[in-house]
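Peer 1: Dropping in protein_0.pdb, which is PDB, C-alpha atoms:
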ATOM      1  CA  MET V   1     -11.342 -32.084 -17.034
ATOM      2  CA  ARG V   2     -13.411 -32.261 -13.847
ATOM      3  CA  VAL V   3     -11.376 -31.438 -10.743
ATOM      4  CA  ILE V   4     -12.181 -31.282  -7.038
ATOM      5  CA  VAL V   5      -9.956 -28.934  -5.017
ATOM      6  CA  LEU V   6      -9.827 -29.704  -1.316
ATOM      7  CA  GLY V   7      -8.452 -26.522   0.178
ATOM      8  CA  ALA V   8      -9.340 -23.460   2.192
ATOM      9  CA  PRO V   9     -11.462 -20.866   0.367
ATOM     10  CA  ARG V  10     -10.878 -17.317   1.565
ATOM     11  CA  PRO V  11     -12.280 -13.856   0.701
ATOM     12  CA  LEU V  12     -11.021 -12.715  -2.702
ATOM     13  CA  HIS V  13      -9.234  -9.607  -1.371
ATOM     14  CA  LEU V  14      -6.795 -11.813   0.562
ATOM     15  CA  ASN V  15      -3.826 -13.614  -0.972
ATOM     16  CA  ARG V  16      -4.822 -17.266  -0.638
ATOM     17  CA  TRP V  17      -3.112 -19.491  -3.183
ATOM     18  CA  LYS V  18      -5.839 -22.146  -2.973
ATOM     19  CA  ASP V  19      -8.288 -19.737  -4.600
ATOM     20  CA  CYS V  20      -5.691 -18.826  -7.233
ATOM     21  CA  LEU V  21      -5.198 -22.531  -7.979
ATOM     22  CA  THR V  22      -8.953 -22.977  -8.406
ATOM     23  CA  GLU V  23      -9.194 -19.924 -10.661
ATOM     24  CA  GLY V  24      -6.246 -21.225 -12.686
ATOM     25  CA  GLY V  25      -8.186 -24.414 -13.384
ATOM     26  CA  SER V  26     -11.153 -22.368 -14.534
ATOM     27  CA  GLU V  27      -8.842 -20.370 -16.841
ATOM     28  CA  LEU V  28      -7.916 -23.698 -18.465
ATOM     29  CA  GLY V  29     -11.575 -24.517 -19.019
ATOM     30  CA  TRP V  30     -11.681 -27.141 -16.284
ATOM     31  CA  ASP V  31     -14.817 -27.793 -14.239
ATOM     32  CA  VAL V  32     -13.484 -27.046 -10.744
ATOM     33  CA  LEU V  33     -15.249 -27.406  -7.384
ATOM     34  CA  HIS V  34     -13.430 -25.952  -4.351
ATOM     35  CA  LEU V  35     -14.291 -27.577  -0.998
ATOM     36  CA  PRO V  36     -13.009 -26.559   2.453
ATOM     37  CA  ALA V  37     -10.681 -29.216   3.875
ATOM     38  CA  ARG V  38     -11.090 -28.342   7.550
ATOM     39  CA  GLY V  39     -13.674 -30.580   9.185
ATOM     40  CA  ILE V  40     -15.403 -31.806   6.034
ATOM     41  CA  PRO V  41     -16.592 -35.431   6.454
ATOM     42  CA  ALA V  42     -14.478 -37.872   4.457
ATOM     43  CA  GLU V  43     -17.680 -39.346   3.026
ATOM     44  CA  ASP V  44     -18.575 -35.951   1.519
ATOM     45  CA  VAL V  45     -15.209 -35.787  -0.230
ATOM     46  CA  VAL V  46     -15.650 -39.309  -1.652
ATOM     47  CA  ARG V  47     -19.109 -38.395  -2.874
ATOM     48  CA  ALA V  48     -17.910 -35.153  -4.504
ATOM     49  CA  CYS V  49     -15.118 -36.978  -6.320
ATOM     50  CA  LYS V  50     -17.372 -39.484  -8.086
ATOM     51  CA  GLY V  51     -16.800 -39.044 -11.803
ATOM     52  CA  ALA V  52     -13.995 -36.504 -11.296
ATOM     53  CA  ASP V  53     -10.680 -36.820 -13.115
ATOM     54  CA  MET V  54      -8.573 -35.506 -10.275
ATOM     55  CA  LEU V  55      -8.667 -34.549  -6.604
ATOM     56  CA  ILE V  56      -6.166 -31.813  -5.736
ATOM     57  CA  TRP V  57      -5.674 -31.579  -1.981
ATOM     58  CA  ALA V  58      -4.210 -28.080  -1.609
ATOM     59  CA  ARG V  59      -2.767 -28.396   1.848
ATOM     60  CA  THR V  60      -3.107 -26.019   4.767
ATOM     61  CA  HIS V  61      -1.418 -27.294   7.936
ATOM     62  CA  GLY V  62      -4.098 -28.424  10.374
ATOM     63  CA  HIS V  63      -6.892 -28.440   7.786
ATOM     64  CA  GLN V  64      -8.103 -31.938   6.984
ATOM     65  CA  PRO V  65     -11.310 -33.938   6.719
ATOM     66  CA  THR V  66     -12.824 -35.883   9.590
ATOM     67  CA  GLY V  67     -12.954 -39.659   9.460
ATOM     68  CA  ASP V  68     -10.596 -42.206   7.929
ATOM     69  CA  ILE V  69      -8.554 -40.083   5.492
ATOM     70  CA  GLY V  70      -6.409 -42.944   4.227
ATOM     71  CA  ALA V  71      -9.493 -44.958   3.369
ATOM     72  CA  MET V  72     -11.021 -41.848   1.772
ATOM     73  CA  LEU V  73      -8.089 -41.503  -0.624
ATOM     74  CA  CYS V  74      -8.113 -45.218  -1.463
ATOM     75  CA  ARG V  75     -11.822 -45.187  -2.269
ATOM     76  CA  ILE V  76     -11.414 -42.126  -4.479
ATOM     77  CA  GLU V  77      -8.529 -43.763  -6.333
ATOM     78  CA  ASP V  78     -10.441 -47.027  -6.702
ATOM     79  CA  GLU V  79     -13.201 -45.085  -8.459
ATOM     80  CA  GLY V  80     -10.663 -43.888 -11.041
ATOM     81  CA  THR V  81      -9.941 -40.394  -9.719
ATOM     82  CA  ALA V  82      -6.263 -39.432  -9.404
ATOM     83  CA  THR V  83      -5.268 -38.009  -5.998
ATOM     84  CA  VAL V  84      -2.782 -35.136  -5.958
ATOM     85  CA  GLY V  85      -1.317 -33.322  -2.959
ATOM     86  CA  VAL V  86      -0.107 -29.738  -3.509
ATOM     87  CA  HIS V  87       1.726 -27.405  -1.149
ATOM     88  CA  LEU V  88       4.186 -24.505  -1.453
ATOM     89  CA  ASP V  89       6.293 -25.099   1.661
ATOM     90  CA  LEU V  90       9.825 -26.286   2.367
ATOM     91  CA  TYR V  91       9.848 -29.540   4.364
ATOM     92  CA  TRP V  92      13.345 -30.988   4.674
ATOM     93  CA  GLY V  93      15.428 -29.164   7.252
ATOM     94  CA  ILE V  94      12.347 -27.980   9.184
ATOM     95  CA  PRO V  95      12.143 -30.501  12.089
ATOM     96  CA  ARG V  96       8.428 -30.166  12.861
ATOM     97  CA  ARG V  97       7.584 -30.647   9.179
ATOM     98  CA  GLU V  98      10.254 -33.176   8.265
ATOM     99  CA  GLN V  99       9.092 -35.690  10.873
ATOM    100  CA  GLN V 100       5.630 -35.814   9.268
ATOM    101  CA  ILE V 101       6.843 -36.625   5.742
ATOM    102  CA  GLY V 102       5.340 -39.942   4.717
ATOM    103  CA  VAL V 103       3.392 -40.165   7.990
ATOM    104  CA  ASP V 104       0.487 -37.739   7.652
ATOM    105  CA  PRO V 105      -2.184 -39.179   5.270
ATOM    106  CA  TRP V 106      -1.786 -36.226   2.885
ATOM    107  CA  TRP V 107       1.571 -37.690   1.828
ATOM    108  CA  SER V 108      -0.117 -40.863   0.600
ATOM    109  CA  CYS V 109      -1.708 -39.117  -2.370
ATOM    110  CA  GLN V 110      -0.649 -40.777  -5.623
ATOM    111  CA  PHE V 111       1.320 -37.639  -6.541
ATOM    112  CA  VAL V 112       2.658 -34.984  -4.177
ATOM    113  CA  PHE V 113       3.814 -31.622  -5.563
ATOM    114  CA  THR V 114       5.664 -29.180  -3.293
ATOM    115  CA  ALA V 115       8.016 -26.225  -3.677
ATOM    116  CA  ASP V 116      10.759 -28.249  -1.932
ATOM    117  CA  GLY V 117      12.672 -29.222  -5.063
ATOM    118  CA  GLY V 118      16.104 -30.082  -3.709
ATOM    119  CA  HIS V 119      15.322 -33.317  -1.843
ATOM    120  CA  GLN V 120      13.918 -35.755  -4.387
ATOM    121  CA  GLU V 121      15.876 -38.757  -3.092
ATOM    122  CA  GLN V 122      14.840 -38.112   0.517
ATOM    123  CA  PHE V 123      11.183 -37.965  -0.499
ATOM    124  CA  ARG V 124      11.561 -41.235  -2.406
ATOM    125  CA  GLN V 125      13.096 -42.931   0.620
ATOM    126  CA  ARG V 126      10.005 -41.962   2.651
ATOM    127  CA  GLY V 127       7.762 -43.558   0.021
ATOM    128  CA  VAL V 128       6.465 -40.250  -1.359
ATOM    129  CA  ASN V 129       5.943 -39.855  -5.112
ATOM    130  CA  HIS V 130       7.182 -36.268  -5.085
ATOM    131  CA  VAL V 131       7.430 -33.718  -7.902
ATOM    132  CA  TRP V 132       8.913 -30.214  -7.650
ATOM    133  CA  LEU V 133       6.358 -27.413  -8.094
ATOM    134  CA  PRO V 134       7.936 -23.915  -8.104
ATOM    135  CA  PRO V 135       5.407 -21.428  -6.687
ATOM    136  CA  PRO V 136       3.202 -19.633  -9.244
ATOM    137  CA  LEU V 137       1.021 -16.516  -9.115
ATOM    138  CA  GLY V 138      -2.734 -16.218  -9.545
ATOM    139  CA  ARG V 139      -3.685 -14.357 -12.719
ATOM    140  CA  ARG V 140      -5.940 -11.955 -10.819
ATOM    141  CA  TRP V 141      -2.825 -10.491  -9.153
ATOM    142  CA  LEU V 142      -0.837 -10.060 -12.381
ATOM    143  CA  GLY V 143       0.141  -6.531 -13.404
ATOM    144  CA  ARG V 144       0.890  -3.170 -11.898
ATOM    145  CA  THR V 145      -1.207  -1.290  -9.371
ATOM    146  CA  ALA V 146      -1.122   2.492  -9.078
ATOM    147  CA  PRO V 147       1.383   3.690  -6.446
ATOM    148  CA  ASP V 148       0.143   5.325  -3.256
ATOM    149  CA  ARG V 149       3.109   7.267  -1.911
ATOM    150  CA  SER V 150       0.946   9.234   0.491
ATOM    151  CA  ARG V 151       0.522   5.956   2.370
ATOM    152  CA  PHE V 152       3.636   3.990   1.377
ATOM    153  CA  ARG V 153       6.563   6.409   1.511
ATOM    154  CA  SER V 154       9.536   4.121   2.082
ATOM    155  CA  ARG V 155      12.181   3.645  -0.587
ATOM    156  CA  VAL V 156      12.934   0.050   0.487
ATOM    157  CA  VAL V 157      10.475  -2.391   2.098
ATOM    158  CA  PHE V 158      10.321  -5.945   3.393
ATOM    159  CA  VAL V 159       7.003  -7.813   3.453
ATOM    160  CA  GLY V 160       6.809 -10.838   5.749
ATOM    161  CA  GLY V 161       7.372 -12.212   9.228
ATOM    162  CA  TYR V 162      10.089 -14.268  10.886
ATOM    163  CA  VAL V 163      10.001 -17.849  12.162
ATOM    164  CA  PRO V 164      13.438 -18.773  13.616
ATOM    165  CA  ASP V 165      13.372 -22.523  12.909
ATOM    166  CA  ILE V 166      12.426 -21.872   9.276
ATOM    167  CA  HIS V 167      14.222 -18.688   8.305
ATOM    168  CA  GLY V 168      17.438 -19.051  10.304
ATOM    169  CA  THR V 169      19.558 -15.948  10.887
ATOM    170  CA  HIS V 170      19.623 -14.519   7.375
ATOM    171  CA  ARG V 171      16.234 -12.802   7.525
ATOM    172  CA  PRO V 172      16.818 -10.844  10.744
ATOM    173  CA  ASP V 173      20.329 -10.002   9.503
ATOM    174  CA  LEU V 174      18.827  -8.676   6.251
ATOM    175  CA  ILE V 175      16.216  -6.588   8.057
ATOM    176  CA  ASN V 176      18.711  -5.208  10.578
ATOM    177  CA  TRP V 177      21.113  -4.313   7.758
ATOM    178  CA  ALA V 178      18.308  -2.526   5.877
ATOM    179  CA  ARG V 179      17.355  -0.538   8.973
ATOM    180  CA  ARG V 180      20.939   0.648   9.413
ATOM    181  CA  ARG V 181      21.577   1.212   5.704
ATOM    182  CA  PHE V 182      18.357   3.022   4.770
ATOM    183  CA  ALA V 183      17.129   4.326   8.163
ATOM    184  CA  PHE V 184      13.743   6.049   7.792
ATOM    185  CA  GLN V 185      13.648   5.085   4.105
ATOM    186  CA  PHE V 186      13.093   1.431   5.094
ATOM    187  CA  GLN V 187       9.898  -0.152   6.432
ATOM    188  CA  GLN V 188       8.910  -3.716   7.302
ATOM    189  CA  TYR V 189       5.333  -4.901   6.800
ATOM    190  CA  GLY V 190       4.403  -8.185   8.449
ATOM    191  CA  PRO V 191       1.939 -10.018  10.695
ATOM    192  CA  SER V 192       1.511  -7.031  13.014
ATOM    193  CA  ARG V 193       1.199  -4.648  10.067
ATOM    194  CA  PRO V 194      -0.381  -6.672   7.242
ATOM    195  CA  VAL V 195      -0.950  -5.425   3.712
ATOM    196  CA  TRP V 196      -3.272  -7.437   1.454
ATOM    197  CA  GLY V 197      -4.884  -7.445  -1.961
ATOM    198  CA  PRO V 198      -4.745  -4.276  -4.091
ATOM    199  CA  ASP V 199      -2.997  -2.448  -1.235
ATOM    200  CA  LEU V 200      -0.061  -4.845  -1.574
ATOM    201  CA  GLY V 201       0.204  -3.968  -5.257
ATOM    202  CA  SER V 202       0.237  -0.278  -4.340
ATOM    203  CA  LEU V 203       3.011  -0.928  -1.832
ATOM    204  CA  TYR V 204       5.127  -2.715  -4.455
ATOM    205  CA  ALA V 205       4.527   0.111  -6.948
ATOM    206  CA  SER V 206       5.425   2.787  -4.403
ATOM    207  CA  ALA V 207       8.696   1.267  -3.169
ATOM    208  CA  GLU V 208      11.905   1.417  -5.159
ATOM    209  CA  VAL V 209      13.000  -2.044  -3.991
ATOM    210  CA  VAL V 210      11.260  -4.918  -2.192
ATOM    211  CA  LEU V 211      13.682  -6.988  -0.114
ATOM    212  CA  GLY V 212      12.911 -10.688  -0.223
ATOM    213  CA  ASP V 213      14.150 -13.779   1.559
ATOM    214  CA  SER V 214      13.327 -17.484   1.597
ATOM    215  CA  ALA V 215      14.537 -20.325   3.789
ATOM    216  CA  ASP V 216      18.006 -21.422   2.666
ATOM    217  CA  ALA V 217      17.616 -24.521   0.471
ATOM    218  CA  SER V 218      18.450 -25.595  -3.069
ATOM    219  CA  HIS V 219      15.574 -25.422  -5.557
ATOM    220  CA  TYR V 220      13.265 -23.720  -3.085
ATOM    221  CA  TRP V 221      11.918 -20.190  -2.756
ATOM    222  CA  SER V 222       8.700 -18.842  -1.341
ATOM    223  CA  ASP V 223       5.826 -17.508  -3.401
ATOM    224  CA  ARG V 224       6.923 -13.980  -2.450
ATOM    225  CA  VAL V 225       9.158 -14.195  -5.561
ATOM    226  CA  VAL V 226       6.319 -14.396  -8.094
ATOM    227  CA  CYS V 227       3.922 -12.422  -5.880
ATOM    228  CA  THR V 228       6.309  -9.451  -5.918
ATOM    229  CA  MET V 229       7.609  -9.703  -9.486
ATOM    230  CA  GLY V 230       4.255 -10.408 -11.110
ATOM    231  CA  ARG V 231       2.766  -7.308  -9.499
ATOM    232  CA  GLY V 232       5.466  -4.908 -10.633
ATOM    233  CA  GLY V 233       7.699  -4.866  -7.570
ATOM    234  CA  LEU V 234      11.467  -4.879  -8.030
ATOM    235  CA  LEU V 235      12.532  -7.846  -5.913
ATOM    236  CA  ALA V 236      15.929  -8.256  -4.268
ATOM    237  CA  HIS V 237      16.525 -11.895  -3.313
ATOM    238  CA  PRO V 238      19.464 -14.211  -2.570
ATOM    239  CA  ARG V 239      20.609 -16.403  -5.457
ATOM    240  CA  VAL V 240      19.178 -19.912  -5.237
ATOM    241  CA  GLU V 241      20.162 -22.966  -7.232
ATOM    242  CA  GLY V 242      17.363 -23.655  -9.707
ATOM    243  CA  MET V 243      16.247 -20.050 -10.204
ATOM    244  CA  ALA V 244      18.165 -19.332 -13.398
ATOM    245  CA  GLU V 245      16.708 -22.299 -15.279
ATOM    246  CA  LEU V 246      13.232 -20.861 -14.697
ATOM    247  CA  GLY V 247      14.121 -17.357 -15.867
ATOM    248  CA  PHE V 248      14.792 -15.722 -12.491
ATOM    249  CA  THR V 249      17.984 -13.927 -13.479
ATOM    250  CA  ASP V 250      19.656 -10.548 -12.991
ATOM    251  CA  ASP V 251      17.587  -9.226 -15.898
ATOM    252  CA  VAL V 252      14.356  -9.376 -13.895
ATOM    253  CA  MET V 253      15.417  -8.988 -10.243
ATOM    254  CA  LEU V 254      18.254  -7.905  -7.944
ATOM    255  CA  LEU V 255      20.084 -11.128  -7.109
ATOM    256  CA  TYR V 256      22.901 -11.261  -4.567
ATOM    257  CA  GLU V 257      24.888 -13.893  -2.727
ATOM    258  CA  ARG V 258      23.210 -14.784   0.546
ATOM    259  CA  GLY V 259      24.515 -12.557   3.338
ATOM    260  CA  GLN V 260      26.464 -10.259   1.008
ATOM    261  CA  PHE V 261      24.533  -7.136   1.923
ATOM    262  CA  PRO V 262      27.143  -4.567   0.750
ATOM    263  CA  GLN V 263      26.846  -6.117  -2.719
ATOM    264  CA  LEU V 264      23.075  -5.664  -2.541
ATOM    265  CA  GLY V 265      23.449  -2.063  -1.373
ATOM    266  CA  GLU V 266      25.653  -1.283  -4.374
ATOM    267  CA  ARG V 267      23.069  -2.698  -6.770
ATOM    268  CA  ILE V 268      20.306  -0.657  -5.169
ATOM    269  CA  ASP V 269      22.382   2.538  -5.325
ATOM    270  CA  ALA V 270      23.098   1.935  -9.023
ATOM    271  CA  LEU V 271      19.402   1.777  -9.936
ATOM    272  CA  THR V 272      17.878   4.379 -12.199
ATOM    273  CA  ALA V 273      14.196   4.938 -12.876
ATOM    274  CA  SER V 274      14.613   3.566 -16.404
ATOM    275  CA  SER V 275      16.540   0.450 -15.308
ATOM    276  CA  ARG V 276      13.963  -0.258 -12.624
ATOM    277  CA  ARG V 277      11.129   0.034 -15.134
ATOM    278  CA  GLU V 278      12.933  -2.194 -17.632
ATOM    279  CA  MET V 279      13.504  -4.913 -15.021
ATOM    280  CA  THR V 280       9.969  -4.834 -13.655
ATOM    281  CA  ASP V 281       8.465  -4.917 -17.162
ATOM    282  CA  ALA V 282      10.584  -7.999 -17.903
ATOM    283  CA  ALA V 283       9.596  -9.571 -14.576
ATOM    284  CA  ILE V 284       5.869  -9.160 -15.231
ATOM    285  CA  ALA V 285       6.320 -10.656 -18.704
ATOM    286  CA  LEU V 286       8.258 -13.630 -17.279
ATOM    287  CA  VAL V 287       5.558 -14.405 -14.718
ATOM    288  CA  GLU V 288       2.803 -14.059 -17.318
ATOM    289  CA  GLU V 289       4.588 -16.371 -19.747
ATOM    290  CA  ARG V 290       5.835 -19.061 -17.351
ATOM    291  CA  HIS V 291       4.709 -18.746 -13.747
ATOM    292  CA  LEU V 292       0.926 -18.497 -13.398
ATOM    293  CA  TRP V 293      -1.261 -21.203 -11.867
ATOM    294  CA  GLU V 294      -2.400 -22.191 -15.354
ATOM    295  CA  HIS V 295       1.204 -23.163 -16.139
ATOM    296  CA  ARG V 296       1.636 -25.223 -12.979
ATOM    297  CA  LEU V 297      -1.700 -26.978 -13.428
ATOM    298  CA  LYS V 298      -0.693 -27.959 -16.956
ATOM    299  CA  ASP V 299       2.544 -29.317 -15.453
ATOM    300  CA  ILE V 300       0.485 -31.338 -12.975
ATOM    301  CA  GLU V 301      -1.762 -32.608 -15.793
ATOM    302  CA  ARG V 302       1.278 -33.733 -17.789
ATOM    303  CA  VAL V 303       2.743 -35.646 -14.841
ATOM    304  CA  VAL V 304      -0.513 -37.231 -13.701
ATOM    305  CA  PHE V 305      -2.027 -38.087 -17.075
ATOM    306  CA  GLY V 306       0.961 -37.918 -19.419
ATOM    307  CA  CYS V 307      -0.721 -35.298 -21.573
ATOM    308  CA  GLY V 308      -1.668 -31.632 -21.670
TER
END
Let me see whether you can do it: turn the structure in this file into structure tokens.
Peer 2:
Amino acid sequence: MRVIVLGAPRPLHLNRWKDCLTEGGSELGWDVLHLPARGIPAEDVVRACKGADMLIWARTHGHQPTGDIGAMLCRIEDEGTATVGVHLDLYWGIPRREQQIGVDPWWSCQFVFTADGGHQEQFRQRGVNHVWLPPPLGRRWLGRTAPDRSRFRSRVVFVGGYVPDIHGTHRPDLINWARRRFAFQFQQYGPSRPVWGPDLGSLYASAEVVLGDSADASHYWSDRVVCTMGRGGLLAHPRVEGMAELGFTDDVMLLYERGQFPQLGERIDALTASSRREMTDAAIALVEERHLWEHRLKDIERVVFGCG
């Protein structure tokens, strides 16, 4: 399989899923070339795709080639290369994203895979051939990192920022509850206090619980789920329709009804060192068995080519 990835390469110590996607293809034995999408001439993309089986356009908002992108995709398809759009965002219910569905040229790829799995009919009505792609983890991030409690001393942490029109009120409510409930034992890490790469693994290993949150939608959750669980963090996250069928159950994480923070507090208080270890071991095994980029790329191969 020869595959061109049109994405946004980034230094390996940062958590950029486009690089993990590319590495996942290499793990499968594919011949993968990763090109930067921002500002690359459309003609260069057409040229690179000659003889390739598949173009995967791993989307970053605002990153796209120069020139006639629609014509670029048509020419690539006419040469026998399948065009596939991939992204890990929620779209429906986010006004500034929703209005672009089916309008931006990226949506005209022959197949579009996103993490927004609860709106298949709406995608179809916009003329998008959409397939649900639950977020995976890159293999290079799989497994535990040694804790560093001299640096990360909090019992409970939250990793992430806050965008009101995406996250609604639940995220600030969760963070405010955690600050009141755990006081100095809670710490938020986000855009103004970023933690990347191996340091993020040390943070997950050092904290007793990692609070998580995703925008409220059926069959959607952010990649923080696999990014935390696959690296040995014990994730607390609201229940979401679609999680259980993929193995995200109470055996591998602390699930609670959205907004029911006292329920979450009781689960955290009931934790023991042995129960935490048992859950995080099971979580790492689940991600390794079902939720790496190799698994999602095989899913894409099956949909696009009917094989794999």
Peer 1: Env of V:Trp107: 10 Å cut, atoms = only C-alpha atoms, seq-sep filter 4 positions within chain, self excluded. Answer as a list in words.
Peer 2: Gly70, Val84, Gly85, Val86, Gln100, Ile101, Gly102, Val103, Phe111, Val112, Phe113, Phe123, Arg126, Gly127, Val128, Asn129 and His130 of chain V
Peer 1: Could you turn the residues from that selection into a file that holds C-alpha atoms, as a compact mmCIF listing (two decimals), in the frame of the given file?
Peer 2:
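For reference, again-v8.txt as written:
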# COMPACT_ATOMS: atom_id res chain seq x y z
CA GLY V 70 -6.41 -42.94 4.23
CA VAL V 84 -2.78 -35.14 -5.96
CA GLY V 85 -1.32 -33.32 -2.96
CA VAL V 86 -0.11 -29.74 -3.51
CA GLN V 100 5.63 -35.81 9.27
CA ILE V 101 6.84 -36.62 5.74
CA GLY V 102 5.34 -39.94 4.72
CA VAL V 103 3.39 -40.16 7.99
CA PHE V 111 1.32 -37.64 -6.54
CA VAL V 112 2.66 -34.98 -4.18
CA PHE V 113 3.81 -31.62 -5.56
CA PHE V 123 11.18 -37.97 -0.50
CA ARG V 126 10.01 -41.96 2.65
CA GLY V 127 7.76 -43.56 0.02
CA VAL V 128 6.46 -40.25 -1.36
CA ASN V 129 5.94 -39.85 -5.11
CA HIS V 130 7.18 -36.27 -5.08
Peer 1: Please return, as a ChimeraX atom specification, all polymer residues that have at least one atom within 12 Å of the point (0.6, -37.5, -13.9); use all atoms listed in the file and the file's own coordinate frame.
Peer 2: /V:53-54,81-85,109-113,129-131,297-308
Peer 1: Please measure the separation of atom CA of V:Tyr162 and atom CA of V:Gly118, giving the value in Å to one decimal.
Peer 2: 22.3 Å
Peer 1: Select, from V:Leu28, V:Val3, V:Ala178, V:Ala115, the residue with the minimum atom-to-atom distance to V:Pro136, counting all atoms listed in the file.
Peer 2: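 Residue with the minimum atom-to-atom distance to V:Pro136: V:Ala115.
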Peer 1: I need the output of the PyMOL selection byres ((chain V and resi 251) around 9) for this file as a compact mmCIF listing (two decimals) with C-alpha atoms, in the coordinates of the input; which residues are they?
Peer 2:
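Produced file result_14.txt, reproduced below:
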# COMPACT_ATOMS: atom_id res chain seq x y z
CA GLY V 247 14.12 -17.36 -15.87
CA PHE V 248 14.79 -15.72 -12.49
CA THR V 249 17.98 -13.93 -13.48
CA ASP V 250 19.66 -10.55 -12.99
CA VAL V 252 14.36 -9.38 -13.90
CA MET V 253 15.42 -8.99 -10.24
CA LEU V 254 18.25 -7.90 -7.94
CA GLU V 278 12.93 -2.19 -17.63
CA MET V 279 13.50 -4.91 -15.02
CA ALA V 282 10.58 -8.00 -17.90
CA ALA V 283 9.60 -9.57 -14.58
Peer 1: Could you tell me which residues the PyMOL selection byres ((chain V and resi 29-37) around 9) grabs in this file, written as a PDB file with C-alpha atoms, keeping the file's coordinate frame?
Peer 2:
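Result file is expr_21.pdb:
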ATOM      1  CA  MET V   1     -11.342 -32.084 -17.034  1.00  0.00           C
ATOM      2  CA  ARG V   2     -13.411 -32.261 -13.847  1.00  0.00           C
ATOM      3  CA  VAL V   3     -11.376 -31.438 -10.743  1.00  0.00           C
ATOM      4  CA  ILE V   4     -12.181 -31.282  -7.038  1.00  0.00           C
ATOM      5  CA  VAL V   5      -9.956 -28.934  -5.017  1.00  0.00           C
ATOM      6  CA  LEU V   6      -9.827 -29.704  -1.316  1.00  0.00           C
ATOM      7  CA  GLY V   7      -8.452 -26.522   0.178  1.00  0.00           C
ATOM      8  CA  ALA V   8      -9.340 -23.460   2.192  1.00  0.00           C
ATOM      9  CA  PRO V   9     -11.462 -20.866   0.367  1.00  0.00           C
ATOM     10  CA  LYS V  18      -5.839 -22.146  -2.973  1.00  0.00           C
ATOM     11  CA  ASP V  19      -8.288 -19.737  -4.600  1.00  0.00           C
ATOM     12  CA  THR V  22      -8.953 -22.977  -8.406  1.00  0.00           C
ATOM     13  CA  GLU V  23      -9.194 -19.924 -10.661  1.00  0.00           C
ATOM     14  CA  GLY V  24      -6.246 -21.225 -12.686  1.00  0.00           C
ATOM     15  CA  GLY V  25      -8.186 -24.414 -13.384  1.00  0.00           C
ATOM     16  CA  SER V  26     -11.153 -22.368 -14.534  1.00  0.00           C
ATOM     17  CA  GLU V  27      -8.842 -20.370 -16.841  1.00  0.00           C
ATOM     18  CA  LEU V  28      -7.916 -23.698 -18.465  1.00  0.00           C
ATOM     19  CA  ARG V  38     -11.090 -28.342   7.550  1.00  0.00           C
ATOM     20  CA  GLY V  39     -13.674 -30.580   9.185  1.00  0.00           C
ATOM     21  CA  ILE V  40     -15.403 -31.806   6.034  1.00  0.00           C
ATOM     22  CA  PRO V  41     -16.592 -35.431   6.454  1.00  0.00           C
ATOM     23  CA  VAL V  45     -15.209 -35.787  -0.230  1.00  0.00           C
ATOM     24  CA  ALA V  48     -17.910 -35.153  -4.504  1.00  0.00           C
ATOM     25  CA  TRP V  57      -5.674 -31.579  -1.981  1.00  0.00           C
ATOM     26  CA  ALA V  58      -4.210 -28.080  -1.609  1.00  0.00           C
ATOM     27  CA  ARG V  59      -2.767 -28.396   1.848  1.00  0.00           C
ATOM     28  CA  THR V  60      -3.107 -26.019   4.767  1.00  0.00           C
ATOM     29  CA  HIS V  63      -6.892 -28.440   7.786  1.00  0.00           C
ATOM     30  CA  GLN V  64      -8.103 -31.938   6.984  1.00  0.00           C
ATOM     31  CA  PRO V  65     -11.310 -33.938   6.719  1.00  0.00           C
TER      32      PRO V  65
END
Peer 1: Of the residues V:Asp148, V:Asp216, V:Glu98, V:Glu43, which is the one nearest to V:Leu203, using all atoms listed in the file?
Peer 2: V:Asp148
Peer 1: How would you write, as a PDB file with C-alpha atoms, in the coordinates of the input, the residues chosen by the PyMOL selection byres ((chain V and resi 233-235) around 7) on this structure?
Peer 2:
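The file below, part_34.pdb, is the result:
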ATOM      1  CA  TYR V 204       5.127  -2.715  -4.455  1.00  0.00           C
ATOM      2  CA  ALA V 205       4.527   0.111  -6.948  1.00  0.00           C
ATOM      3  CA  GLU V 208      11.905   1.417  -5.159  1.00  0.00           C
ATOM      4  CA  VAL V 209      13.000  -2.044  -3.991  1.00  0.00           C
ATOM      5  CA  VAL V 210      11.260  -4.918  -2.192  1.00  0.00           C
ATOM      6  CA  LEU V 211      13.682  -6.988  -0.114  1.00  0.00           C
ATOM      7  CA  GLY V 212      12.911 -10.688  -0.223  1.00  0.00           C
ATOM      8  CA  THR V 228       6.309  -9.451  -5.918  1.00  0.00           C
ATOM      9  CA  MET V 229       7.609  -9.703  -9.486  1.00  0.00           C
ATOM     10  CA  ARG V 231       2.766  -7.308  -9.499  1.00  0.00           C
ATOM     11  CA  GLY V 232       5.466  -4.908 -10.633  1.00  0.00           C
ATOM     12  CA  ALA V 236      15.929  -8.256  -4.268  1.00  0.00           C
ATOM     13  CA  HIS V 237      16.525 -11.895  -3.313  1.00  0.00           C
ATOM     14  CA  MET V 253      15.417  -8.988 -10.243  1.00  0.00           C
ATOM     15  CA  LEU V 254      18.254  -7.905  -7.944  1.00  0.00           C
ATOM     16  CA  ARG V 276      13.963  -0.258 -12.624  1.00  0.00           C
ATOM     17  CA  THR V 280       9.969  -4.834 -13.655  1.00  0.00           C
TER      18      THR V 280
END
Peer 1: For V:Trp293, which residue out of V:Trp141, V:Arg193, V:Ala244, V:Gln260 is the nearest one, using only C-alpha atoms?
Peer 2: V:Trp141
Peer 1: With only C-alpha atoms as the basis for distance, which of V:Trp196, V:Phe182, V:Trp132, V:Trp106 is at the shortest distance from V:Gly265?
Peer 2: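 Of the candidates, the smallest distance to V:Gly265 is held by V:Phe182.
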Peer 1: I'd like the neighbourhood of V:Ala217 as number ranges by chain, where a residue qualifies if any of its atoms comes within 10 Å (using all atoms listed in the file), though same-chain residues fewer than 4 positions away should be ignored.
Peer 2: V: 90, 92-93, 116-119, 221, 240-241
